[in-house]
>>> print(open('query-v4.cif').read())   # mmCIF, C-alpha atoms
data_final
#
loop_
_atom_site.group_PDB
_atom_site.id
_atom_site.type_symbol
_atom_site.label_atom_id
_atom_site.label_comp_id
_atom_site.auth_asym_id
_atom_site.auth_seq_id
_atom_site.Cartn_x
_atom_site.Cartn_y
_atom_site.Cartn_z
ATOM 1 C CA MET A 228 -30.376 72.756 145.034
ATOM 2 C CA PRO A 229 -31.165 70.141 142.336
ATOM 3 C CA ASN A 230 -28.891 70.121 139.307
ATOM 4 C CA THR A 231 -31.523 71.201 136.767
ATOM 5 C CA GLY A 232 -28.923 71.769 134.070
ATOM 6 C CA ARG A 233 -27.738 68.170 134.256
ATOM 7 C CA GLN A 234 -31.304 66.848 134.271
ATOM 8 C CA GLY A 235 -32.166 68.998 131.258
ATOM 9 C CA GLY A 236 -29.151 67.607 129.428
ATOM 10 C CA GLN A 237 -30.263 64.032 130.139
ATOM 11 C CA VAL A 238 -33.724 64.803 128.743
ATOM 12 C CA LEU A 239 -32.220 66.244 125.546
ATOM 13 C CA ASP A 240 -29.929 63.212 125.190
ATOM 14 C CA TYR A 241 -32.922 60.903 125.589
ATOM 15 C CA ILE A 242 -34.911 62.821 122.954
ATOM 16 C CA GLY A 243 -31.877 62.817 120.670
ATOM 17 C CA ARG A 244 -31.510 59.042 120.948
ATOM 18 C CA ASP A 245 -35.170 58.600 120.038
ATOM 19 C CA ARG A 246 -34.739 60.842 117.011
ATOM 20 C CA ARG A 247 -31.645 58.923 115.891
ATOM 21 C CA ARG A 248 -33.507 55.603 116.225
ATOM 22 C CA LEU A 249 -36.400 57.067 114.220
ATOM 23 C CA ARG A 250 -34.073 58.219 111.446
ATOM 24 C CA GLN A 251 -32.420 54.793 111.310
ATOM 25 C CA ARG A 252 -35.779 53.088 110.868
ATOM 26 C CA ASN A 253 -36.982 55.249 107.971
ATOM 27 C CA ARG A 254 -33.873 55.994 105.949
ATOM 28 C CA PRO A 255 -34.571 56.230 102.182
ATOM 29 C CA PHE A 256 -32.909 53.630 99.954
ATOM 30 C CA SER A 257 -33.256 51.595 96.776
ATOM 31 C CA ARG A 258 -31.742 48.164 96.283
ATOM 32 C CA THR A 259 -32.090 44.792 94.610
ATOM 33 C CA VAL A 260 -32.983 41.815 96.792
ATOM 34 C CA ASP A 261 -32.512 38.206 95.657
ATOM 35 C CA ASN A 262 -35.019 35.874 97.262
ATOM 36 C CA GLY A 263 -34.445 32.396 95.835
ATOM 37 C CA ASP A 264 -35.348 32.464 92.125
ATOM 38 C CA VAL A 265 -36.956 35.907 92.527
ATOM 39 C CA ARG A 266 -35.131 39.219 92.132
ATOM 40 C CA VAL A 267 -37.000 42.180 93.656
ATOM 41 C CA PHE A 268 -36.179 45.840 93.140
ATOM 42 C CA VAL A 269 -37.386 47.887 96.114
ATOM 43 C CA ASP A 270 -37.247 51.637 96.576
ATOM 44 C CA HIS A 271 -38.270 53.436 99.719
ATOM 45 C CA GLY A 272 -38.270 57.152 100.519
ATOM 46 C CA PHE A 273 -39.741 60.576 99.809
ATOM 47 C CA GLN A 274 -40.787 61.359 96.248
ATOM 48 C CA TRP A 275 -42.588 64.252 94.610
ATOM 49 C CA ASP A 276 -46.053 63.259 93.368
ATOM 50 C CA GLY A 277 -46.673 66.504 91.480
ATOM 51 C CA SER A 278 -48.144 68.450 94.361
ATOM 52 C CA ARG A 279 -46.294 67.349 97.494
ATOM 53 C CA ASN A 280 -43.638 65.048 98.855
ATOM 54 C CA VAL A 281 -44.980 61.621 99.818
ATOM 55 C CA TRP A 282 -43.303 58.603 101.394
ATOM 56 C CA LEU A 283 -43.273 55.868 98.748
ATOM 57 C CA THR A 284 -42.687 52.175 99.394
ATOM 58 C CA ARG A 285 -42.493 50.208 96.147
ATOM 59 C CA ALA A 286 -41.398 46.663 95.250
ATOM 60 C CA ARG A 287 -41.228 45.187 91.745
ATOM 61 C CA ALA A 288 -40.316 41.779 90.323
ATOM 62 C CA SER A 289 -40.851 39.537 87.297
ATOM 63 C CA TYR A 290 -42.604 36.176 87.468
ATOM 64 C CA VAL A 291 -40.083 33.339 87.794
ATOM 65 C CA VAL A 292 -41.754 31.409 84.947
ATOM 66 C CA GLU A 293 -41.904 34.664 82.920
ATOM 67 C CA SER A 294 -45.705 34.847 82.895
ATOM 68 C CA GLY A 295 -48.601 35.110 85.321
ATOM 69 C CA PRO A 296 -52.185 36.390 85.605
ATOM 70 C CA VAL A 297 -53.126 39.990 84.812
ATOM 71 C CA PHE A 298 -54.884 41.734 87.693
ATOM 72 C CA GLU A 299 -55.232 44.985 89.619
ATOM 73 C CA LEU A 300 -55.688 45.164 93.391
ATOM 74 C CA ARG A 301 -56.523 48.373 95.222
ATOM 75 C CA PRO A 302 -57.973 49.371 98.611
ATOM 76 C CA ARG A 303 -61.725 49.051 98.953
ATOM 77 C CA ALA A 304 -63.556 52.399 99.033
ATOM 78 C CA LEU A 305 -64.989 53.363 102.418
ATOM 79 C CA LEU A 306 -68.521 53.652 101.021
ATOM 80 C CA ALA A 307 -68.375 50.098 99.658
ATOM 81 C CA ARG A 308 -67.165 48.793 103.016
ATOM 82 C CA VAL A 309 -69.931 50.622 104.880
ATOM 83 C CA THR A 310 -72.748 49.599 102.524
ATOM 84 C CA GLY A 311 -71.440 46.060 101.941
ATOM 85 C CA ILE A 312 -71.805 46.451 98.172
ATOM 86 C CA LEU A 313 -68.547 44.805 97.132
ATOM 87 C CA GLY A 314 -67.649 44.534 93.455
ATOM 88 C CA GLY A 315 -64.671 42.824 91.847
ATOM 89 C CA ALA A 316 -63.512 39.206 91.897
ATOM 90 C CA SER A 317 -64.164 37.440 95.188
ATOM 91 C CA SER A 318 -61.370 35.475 96.854
ATOM 92 C CA GLY A 319 -63.778 33.514 99.023
ATOM 93 C CA ASP A 320 -62.219 35.193 102.082
ATOM 94 C CA ALA A 321 -64.728 37.732 103.393
ATOM 95 C CA CYS A 322 -62.118 39.514 105.517
ATOM 96 C CA PHE A 323 -59.751 40.025 102.585
ATOM 97 C CA ASP A 324 -62.565 41.043 100.223
ATOM 98 C CA ASP A 325 -63.634 43.675 102.743
ATOM 99 C CA PHE A 326 -60.207 45.344 102.442
ATOM 100 C CA PHE A 327 -59.456 45.036 98.726
ATOM 101 C CA TYR A 328 -61.082 45.341 95.309
ATOM 102 C CA VAL A 329 -59.554 42.995 92.717
ATOM 103 C CA LYS A 330 -60.138 43.379 88.996
ATOM 104 C CA THR A 331 -59.155 40.447 86.781
ATOM 105 C CA ALA A 332 -60.346 38.464 83.779
ATOM 106 C CA ALA A 333 -58.700 35.294 85.181
ATOM 107 C CA PRO A 334 -59.922 34.935 88.796
ATOM 108 C CA GLU A 335 -58.777 31.329 89.264
ATOM 109 C CA ALA A 336 -55.186 32.069 88.224
ATOM 110 C CA THR A 337 -55.215 35.354 90.151
ATOM 111 C CA TRP A 338 -56.227 33.745 93.454
ATOM 112 C CA SER A 339 -53.682 31.001 92.846
ATOM 113 C CA ALA A 340 -50.987 33.687 92.565
ATOM 114 C CA LEU A 341 -52.362 35.664 95.521
ATOM 115 C CA THR A 342 -51.647 32.887 97.997
ATOM 116 C CA THR A 343 -52.948 32.797 101.567
ATOM 117 C CA ARG A 344 -49.568 34.104 102.730
ATOM 118 C CA ALA A 345 -49.616 37.013 100.274
ATOM 119 C CA ARG A 346 -53.198 37.945 101.191
ATOM 120 C CA SER A 347 -52.385 37.794 104.903
ATOM 121 C CA LEU A 348 -49.396 40.122 104.514
ATOM 122 C CA LEU A 349 -51.378 42.552 102.386
ATOM 123 C CA ALA A 350 -54.275 42.715 104.856
ATOM 124 C CA SER A 351 -52.021 43.130 107.900
ATOM 125 C CA HIS A 352 -49.390 45.539 106.495
ATOM 126 C CA PHE A 353 -50.597 47.076 103.223
ATOM 127 C CA GLU A 354 -54.344 47.641 103.508
ATOM 128 C CA ASP A 355 -53.836 51.024 101.774
ATOM 129 C CA ALA A 356 -51.508 49.758 99.016
ATOM 130 C CA LYS A 357 -51.996 49.031 95.331
ATOM 131 C CA LEU A 358 -50.789 45.914 93.558
ATOM 132 C CA VAL A 359 -50.712 45.429 89.781
ATOM 133 C CA SER A 360 -49.648 42.517 87.579
ATOM 134 C CA ASP A 361 -49.303 43.065 83.822
ATOM 135 C CA GLY A 362 -48.764 39.365 83.087
ATOM 136 C CA SER A 363 -44.961 39.489 83.196
ATOM 137 C CA SER A 364 -44.157 41.575 86.292
ATOM 138 C CA ILE A 365 -45.688 42.620 89.622
ATOM 139 C CA CYS A 366 -45.580 46.038 91.260
ATOM 140 C CA LEU A 367 -46.668 46.830 94.827
ATOM 141 C CA TRP A 368 -46.640 50.425 96.010
ATOM 142 C CA ARG A 369 -47.975 52.563 98.811
ATOM 143 C CA GLU A 370 -47.889 56.312 99.325
ATOM 144 C CA GLY A 371 -48.160 57.984 102.727
ATOM 145 C CA ASP A 372 -46.903 60.728 104.977
ATOM 146 C CA PHE A 373 -44.514 58.390 106.779
ATOM 147 C CA GLY A 374 -42.902 54.967 106.379
ATOM 148 C CA LEU A 375 -40.530 52.509 108.033
ATOM 149 C CA GLU A 376 -37.736 50.395 106.561
ATOM 150 C CA SER A 377 -39.578 47.301 107.760
ATOM 151 C CA ASP A 378 -42.361 48.151 105.294
ATOM 152 C CA ALA A 379 -39.922 47.492 102.451
ATOM 153 C CA ASP A 380 -39.025 44.074 103.899
ATOM 154 C CA VAL A 381 -42.684 43.039 103.948
ATOM 155 C CA ALA A 382 -43.207 44.415 100.440
ATOM 156 C CA VAL A 383 -40.336 42.236 99.188
ATOM 157 C CA GLU A 384 -41.917 39.175 100.806
ATOM 158 C CA VAL A 385 -45.341 39.883 99.260
ATOM 159 C CA VAL A 386 -43.972 40.376 95.747
ATOM 160 C CA SER A 387 -41.672 37.339 96.042
ATOM 161 C CA GLU A 388 -44.599 35.149 97.088
ATOM 162 C CA ILE A 389 -46.637 36.184 94.046
ATOM 163 C CA ALA A 390 -43.684 35.962 91.634
ATOM 164 C CA ARG A 391 -43.275 32.250 92.497
ATOM 165 C CA HIS A 392 -46.646 31.455 90.902
ATOM 166 C CA GLN A 393 -46.554 28.080 89.066
ATOM 167 C CA THR A 394 -42.940 27.307 90.041
ATOM 168 C CA ALA A 395 -43.891 23.740 91.046
ATOM 169 C CA CYS A 396 -42.969 22.816 87.450
ATOM 170 C CA LEU A 397 -39.310 23.429 88.348
ATOM 171 C CA ASP A 398 -39.364 20.476 90.750
ATOM 172 C CA VAL A 399 -40.208 18.167 87.823
ATOM 173 C CA LEU A 400 -37.359 19.625 85.760
ATOM 174 C CA ARG A 401 -34.786 19.297 88.519
ATOM 175 C CA ALA A 402 -35.817 15.683 89.134
ATOM 176 C CA LEU A 403 -35.016 14.602 85.548
ATOM 177 C CA PRO A 404 -32.215 11.990 85.353
ATOM 178 C CA GLY A 405 -28.847 13.675 84.825
ATOM 179 C CA ALA A 406 -30.352 17.162 84.789
ATOM 180 C CA ILE A 407 -27.962 20.041 85.554
ATOM 181 C CA PRO A 408 -29.956 22.939 87.035
ATOM 182 C CA TYR A 409 -29.202 26.585 86.288
ATOM 183 C CA ASN A 410 -30.574 29.587 88.160
ATOM 184 C CA ALA A 411 -32.669 32.503 87.013
ATOM 185 C CA HIS A 412 -30.524 35.388 85.816
ATOM 186 C CA GLY A 413 -30.726 38.927 84.496
ATOM 187 C CA PRO A 414 -32.106 42.191 85.950
ATOM 188 C CA TRP A 415 -35.456 42.162 87.713
ATOM 189 C CA ASP A 416 -37.340 43.526 84.668
ATOM 190 C CA ARG A 417 -35.617 41.321 82.044
ATOM 191 C CA ARG A 418 -35.386 38.092 83.980
ATOM 192 C CA HIS A 419 -34.524 34.771 82.318
ATOM 193 C CA ALA A 420 -36.270 31.792 83.888
ATOM 194 C CA PRO A 421 -34.356 28.997 85.655
ATOM 195 C CA GLY A 422 -34.172 25.590 84.043
ATOM 196 C CA VAL A 423 -32.026 22.512 83.496
ATOM 197 C CA THR A 424 -29.588 21.197 80.922
ATOM 198 C CA VAL A 425 -29.741 17.535 79.909
ATOM 199 C CA MET A 426 -27.163 15.735 77.747
ATOM 200 C CA THR A 427 -29.022 13.711 75.100
ATOM 201 C CA PRO A 428 -26.114 13.482 74.060
ATOM 202 C CA THR A 429 -25.811 17.156 73.001
ATOM 203 C CA PRO A 430 -26.831 19.811 75.552
ATOM 204 C CA VAL A 431 -30.564 20.555 75.519
ATOM 205 C CA HIS A 432 -31.994 23.230 77.785
ATOM 206 C CA ILE A 433 -35.485 22.843 79.257
ATOM 207 C CA GLU A 434 -37.095 25.864 80.907
ATOM 208 C CA PRO A 435 -40.360 27.768 81.396
ATOM 209 C CA LYS A 436 -41.032 30.462 78.817
ATOM 210 C CA ARG A 437 -43.616 33.166 78.267
ATOM 211 C CA GLY A 438 -45.967 32.050 75.497
ATOM 212 C CA GLN A 439 -48.925 33.497 73.646
ATOM 213 C CA TRP A 440 -51.404 32.234 76.252
ATOM 214 C CA GLY A 441 -49.215 32.387 79.355
ATOM 215 C CA ALA A 442 -46.282 30.391 80.651
ATOM 216 C CA CYS A 443 -45.325 27.202 78.796
ATOM 217 C CA MET A 444 -42.420 24.737 78.795
ATOM 218 C CA ARG A 445 -39.695 24.812 76.160
ATOM 219 C CA ALA A 446 -36.749 22.601 75.159
ATOM 220 C CA TRP A 447 -34.075 24.040 72.869
ATOM 221 C CA SER A 448 -30.567 23.444 71.580
ATOM 222 C CA GLU A 449 -28.072 25.303 69.415
ATOM 223 C CA CYS A 450 -27.767 23.997 65.852
ATOM 224 C CA GLY A 451 -25.424 24.425 62.922
ATOM 225 C CA GLN A 452 -26.127 26.829 60.071
ATOM 226 C CA ASN A 453 -26.652 23.908 57.701
ATOM 227 C CA ILE A 454 -29.915 23.009 59.460
ATOM 228 C CA PRO A 455 -32.738 24.427 57.309
ATOM 229 C CA LYS A 456 -35.493 26.494 58.875
ATOM 230 C CA PHE A 457 -38.795 24.729 59.482
ATOM 231 C CA ALA A 458 -41.904 24.891 61.660
ATOM 232 C CA VAL A 459 -44.434 22.145 62.433
ATOM 233 C CA SER A 460 -46.992 21.562 65.172
ATOM 234 C CA ILE A 461 -48.548 18.503 66.810
ATOM 235 C CA ASP A 462 -52.119 18.730 68.081
ATOM 236 C CA GLY A 463 -53.698 17.017 71.082
ATOM 237 C CA VAL A 464 -54.421 13.788 69.207
ATOM 238 C CA GLY A 465 -50.985 13.448 67.615
ATOM 239 C CA ARG A 466 -51.764 14.922 64.172
ATOM 240 C CA MET A 467 -48.981 16.949 62.579
ATOM 241 C CA HIS A 468 -49.503 20.266 60.825
ATOM 242 C CA GLY A 469 -46.912 21.864 58.568
ATOM 243 C CA ASP A 470 -44.121 20.249 56.554
ATOM 244 C CA SER A 471 -43.859 17.031 58.557
ATOM 245 C CA SER A 472 -41.715 15.461 55.820
ATOM 246 C CA ARG A 473 -38.822 17.500 57.188
ATOM 247 C CA LEU A 474 -38.909 15.556 60.459
ATOM 248 C CA PRO A 475 -37.406 12.104 61.093
ATOM 249 C CA GLU A 476 -39.695 9.077 61.102
ATOM 250 C CA HIS A 477 -39.944 8.731 64.896
ATOM 251 C CA ALA A 478 -41.106 12.355 65.238
ATOM 252 C CA ARG A 479 -43.912 11.969 62.691
ATOM 253 C CA PHE A 480 -45.693 9.417 64.835
ATOM 254 C CA ALA A 481 -45.540 11.305 68.148
ATOM 255 C CA THR A 482 -48.841 10.953 69.998
ATOM 256 C CA ASP A 483 -50.421 12.532 73.033
ATOM 257 C CA ASN A 484 -49.844 9.771 75.584
ATOM 258 C CA ALA A 485 -47.538 9.151 78.530
ATOM 259 C CA ASP A 486 -44.591 8.238 76.287
ATOM 260 C CA GLY A 487 -45.257 10.776 73.497
ATOM 261 C CA LEU A 488 -44.639 14.469 73.158
ATOM 262 C CA GLY A 489 -48.148 15.810 73.646
ATOM 263 C CA ALA A 490 -49.447 18.929 71.889
ATOM 264 C CA CYS A 491 -46.487 21.112 70.938
ATOM 265 C CA ALA A 492 -44.757 23.180 68.249
ATOM 266 C CA ILE A 493 -41.316 22.337 66.815
ATOM 267 C CA ALA A 494 -39.214 24.785 64.819
ATOM 268 C CA CYS A 495 -35.732 25.805 63.724
ATOM 269 C CA ASP A 496 -34.795 29.458 63.142
ATOM 270 C CA GLY A 497 -31.331 28.760 61.735
ATOM 271 C CA GLN A 498 -29.609 29.148 65.105
ATOM 272 C CA ARG A 499 -31.674 27.028 67.469
ATOM 273 C CA VAL A 500 -34.002 24.068 67.309
ATOM 274 C CA TRP A 501 -36.768 24.393 69.853
ATOM 275 C CA LEU A 502 -39.833 22.498 70.966
ATOM 276 C CA ARG A 503 -42.530 24.379 72.859
ATOM 277 C CA TRP A 504 -45.380 22.678 74.680
ATOM 278 C CA LEU A 505 -48.667 24.542 75.050
ATOM 279 C CA GLU A 506 -48.776 23.954 78.813
ATOM 280 C CA LEU A 507 -46.332 24.511 81.632
ATOM 281 C CA GLU A 508 -46.956 21.221 83.422
ATOM 282 C CA ARG A 509 -45.434 18.258 81.565
ATOM 283 C CA SER A 510 -44.481 14.785 82.757
ATOM 284 C CA GLY A 511 -40.832 13.832 83.114
ATOM 285 C CA ALA A 512 -41.221 11.257 80.313
ATOM 286 C CA GLN A 513 -42.552 13.874 77.880
ATOM 287 C CA LEU A 514 -39.798 16.329 78.785
ATOM 288 C CA LEU A 515 -37.088 13.754 78.109
ATOM 289 C CA GLU A 516 -38.754 12.637 74.868
ATOM 290 C CA GLY A 517 -38.847 16.238 73.704
ATOM 291 C CA ALA A 518 -35.194 16.782 74.672
ATOM 292 C CA ARG A 519 -34.135 13.700 72.692
ATOM 293 C CA LEU A 520 -36.039 14.918 69.630
ATOM 294 C CA VAL A 521 -34.526 18.402 69.829
ATOM 295 C CA ALA A 522 -31.029 16.909 70.144
ATOM 296 C CA SER A 523 -31.522 14.681 67.092
ATOM 297 C CA LEU A 524 -32.877 17.556 64.980
ATOM 298 C CA SER A 525 -30.048 19.908 65.952
ATOM 299 C CA GLN A 526 -27.409 17.474 64.581
ATOM 300 C CA LEU A 527 -28.963 16.443 61.280
ATOM 301 C CA PRO A 528 -27.132 17.870 58.232
ATOM 302 C CA GLY A 529 -29.008 19.132 55.170
ATOM 303 C CA ARG A 530 -32.508 17.799 54.644
ATOM 304 C CA PHE A 531 -33.934 15.517 57.304
#
>>> encode(input="query-v4.cif", output="structure tokens")
Amino acid sequence: MPNTGRQGGQVLDYIGRDRRRLRQRNRPFSRTVDNGDVRVFVDHGFQWDGSRNVWLTRARASYVVESGPVFELRPRALLARVTGILGGASSGDACFDDFFYVKTAAPEATWSALTTRARSLLASHFEDAKLVSDGSSICLWREGDFGLESDADVAVEVVSEIARHQTACLDVLRALPGAIPYNAHGPWDRRHAPGVTVMTPTPVHIEPKRGQWGACMRAWSECGQNIPKFAVSIDGVGRMHGDSSRLPEHARFATDNADGLGACAIACDGQRVWLRWLELERSGAQLLEGARLVASLSQLPGRF
């Protein structure tokens, strides 16, 4: 007689192992993941959406340079895919545009942030996900009846790829003579950009910063309380606006050329002297010239 009891036990053990493997691959969790200069907060598990429990995979991060394009990406409606009437900003990739609708007022910057790698991962793993950038942070999320832990890993990679938008400027900073790099720091939603410190001869920090029209480059240094407050600006042709008499002679003749500062704003708030360029990309010569000016202004006593 065959040992049916033993065979039945083996079947139950086999099913039990499968169930244990399944549970291990979709355990809920939330954690912070550091990926180079990017810090991603990812949460993964069942959540109540107001009417039922859904499996939520969500990843969020801030732009490394503190600013990026504003856009909204969502799955393309079935009717639009069937009829071929596709609205939104076109990426130039017909396959990607067939999956996703993208709304943005800055298509060039948006497609620069949504790199080929990011678009490939979205199309292959998150064709039913939503992705939103508010200009300072990115959020990717997907709701479903079921999810795997590996989904969270891919979500982290997608968000990290986008958050590195415009970080090529950091290579220029780190290549400055004598520059001492420092890493990005702070929680994912209040992230401080990475940068460098140069001794000129006092410490001056140069780093990306969120500006009125997007990311820009800034040099700043601590100053004594005896430095009066001031604010001046230099336009694209080297003309100064504001109380330029408060600046030293060499700063008054700064021009927009390879050896000059370029268009920028210079100010002191009583605690720091800072110089902010209008653009993120600056030459090494301009960055060092700006650092030297900030250092000289931060040490001058009384009136300049």
>>> atom_distance(input="query-v4.cif", atom1="CA of Trp338 in chain A", atom2="CA of Gly422 in chain A")
25.3 Å
>>> atom_distance(input="query-v4.cif", atom1="CA of Arg466 in chain A", atom2="CA of Leu488 in chain A")
11.5 Å
>>> closest_atom_pairs(input="query-v4.cif", of="range 348-441 of chain A", to="range 279-289 of chain A", cutoff="12 Å", atoms="only C-alpha atoms", output="Markdown table")
| residue | atom | partner | partner_atom | distance |
| --- | --- | --- | --- | --- |
| A:His352 | CA | A:Thr284 | CA | 11.8 |
| A:Phe353 | CA | A:Thr284 | CA | 10.2 |
| A:Asp355 | CA | A:Thr284 | CA | 11.5 |
| A:Ala356 | CA | A:Thr284 | CA | 9.2 |
| A:Lys357 | CA | A:Arg285 | CA | 9.6 |
| A:Leu358 | CA | A:Ala286 | CA | 9.6 |
| A:Val359 | CA | A:Arg287 | CA | 9.7 |
| A:Ser360 | CA | A:Ser289 | CA | 9.3 |
| A:Asp361 | CA | A:Ser289 | CA | 9.8 |
| A:Gly362 | CA | A:Ser289 | CA | 9.0 |
| A:Ser363 | CA | A:Ser289 | CA | 5.8 |
| A:Ser364 | CA | A:Ser289 | CA | 4.0 |
| A:Ile365 | CA | A:Ala288 | CA | 5.5 |
| A:Cys366 | CA | A:Arg287 | CA | 4.5 |
| A:Leu367 | CA | A:Ala286 | CA | 5.3 |
| A:Trp368 | CA | A:Arg285 | CA | 4.2 |
| A:Arg369 | CA | A:Thr284 | CA | 5.3 |
| A:Glu370 | CA | A:Leu283 | CA | 4.7 |
| A:Gly371 | CA | A:Trp282 | CA | 5.1 |
| A:Asp372 | CA | A:Trp282 | CA | 5.5 |
| A:Phe373 | CA | A:Trp282 | CA | 5.5 |
| A:Gly374 | CA | A:Trp282 | CA | 6.2 |
| A:Leu375 | CA | A:Thr284 | CA | 8.9 |
| A:Glu376 | CA | A:Thr284 | CA | 8.9 |
| A:Ser377 | CA | A:Thr284 | CA | 10.2 |
| A:Asp378 | CA | A:Thr284 | CA | 7.1 |
| A:Ala379 | CA | A:Thr284 | CA | 6.2 |
| A:Asp380 | CA | A:Ala286 | CA | 9.3 |
| A:Val381 | CA | A:Ala286 | CA | 9.5 |
| A:Ala382 | CA | A:Ala286 | CA | 5.9 |
| A:Val383 | CA | A:Ala286 | CA | 6.0 |
| A:Glu384 | CA | A:Ala286 | CA | 9.3 |
| A:Val385 | CA | A:Ala286 | CA | 8.8 |
| A:Val386 | CA | A:Ala288 | CA | 6.7 |
| A:Ser387 | CA | A:Ala288 | CA | 7.4 |
| A:Glu388 | CA | A:Ala288 | CA | 10.4 |
| A:Ile389 | CA | A:Ala288 | CA | 9.2 |
| A:Ala390 | CA | A:Ser289 | CA | 6.3 |
| A:Arg391 | CA | A:Ser289 | CA | 9.3 |
| A:His392 | CA | A:Ser289 | CA | 10.6 |
| A:Ala411 | CA | A:Ser289 | CA | 10.8 |
| A:His412 | CA | A:Ser289 | CA | 11.2 |
| A:Gly413 | CA | A:Ser289 | CA | 10.5 |
| A:Pro414 | CA | A:Ser289 | CA | 9.2 |
| A:Trp415 | CA | A:Ala288 | CA | 5.5 |
| A:Asp416 | CA | A:Ser289 | CA | 5.9 |
| A:Arg417 | CA | A:Ser289 | CA | 7.6 |
| A:Arg418 | CA | A:Ser289 | CA | 6.6 |
| A:His419 | CA | A:Ser289 | CA | 9.4 |
| A:Ala420 | CA | A:Ser289 | CA | 9.6 |
| A:Arg437 | CA | A:Ser289 | CA | 11.4 |
>>> resolve_selection(input="query-v4.cif", expression="the PyMOL selection byres ((chain A and resi 328-337) around 6)", output="list in words")
Pro296, Phe298, Glu299, Leu300, Arg301, Arg303, Gly315, Ala316, Phe327, Trp338, Ser339 and Ala340 of chain A
>>> atom_distance(input="query-v4.cif", atom1="CA of Lys436 in chain A", atom2="CA of Val399 in chain A")
15.3 Å
>>> closest_residue(input="query-v4.cif", among="A:Thr259, A:Phe323, A:Gly511, A:Met444", to="Leu348 in chain A", atoms="all atoms listed in the file")
A:Phe323
>>> residues_around(input="query-v4.cif", residues="range 520-526 of chain A", least_positions_apart="6", cutoff="12 Å", atoms="all atoms listed in the file", output="PyMOL selection string")
chain A and resi 424-433+445-457+473-479+481+487-488+492-503+513-514
>>> resolve_selection(input="query-v4.cif", expression="the PyMOL selection byres ((chain A and resi 443) around 6)", output="short mmCIF file (atom, residue, chain, number, x, y, z; two decimals) with C-alpha atoms, in the coordinates of the input")
data_model
loop_
_atom_site.label_atom_id
_atom_site.label_comp_id
_atom_site.auth_asym_id
_atom_site.auth_seq_id
_atom_site.Cartn_x
_atom_site.Cartn_y
_atom_site.Cartn_z
CA PRO A 435 -40.36 27.77 81.40
CA LYS A 436 -41.03 30.46 78.82
CA GLY A 438 -45.97 32.05 75.50
CA ALA A 442 -46.28 30.39 80.65
CA MET A 444 -42.42 24.74 78.80
CA LEU A 505 -48.67 24.54 75.05
CA GLU A 506 -48.78 23.95 78.81
CA LEU A 507 -46.33 24.51 81.63
#
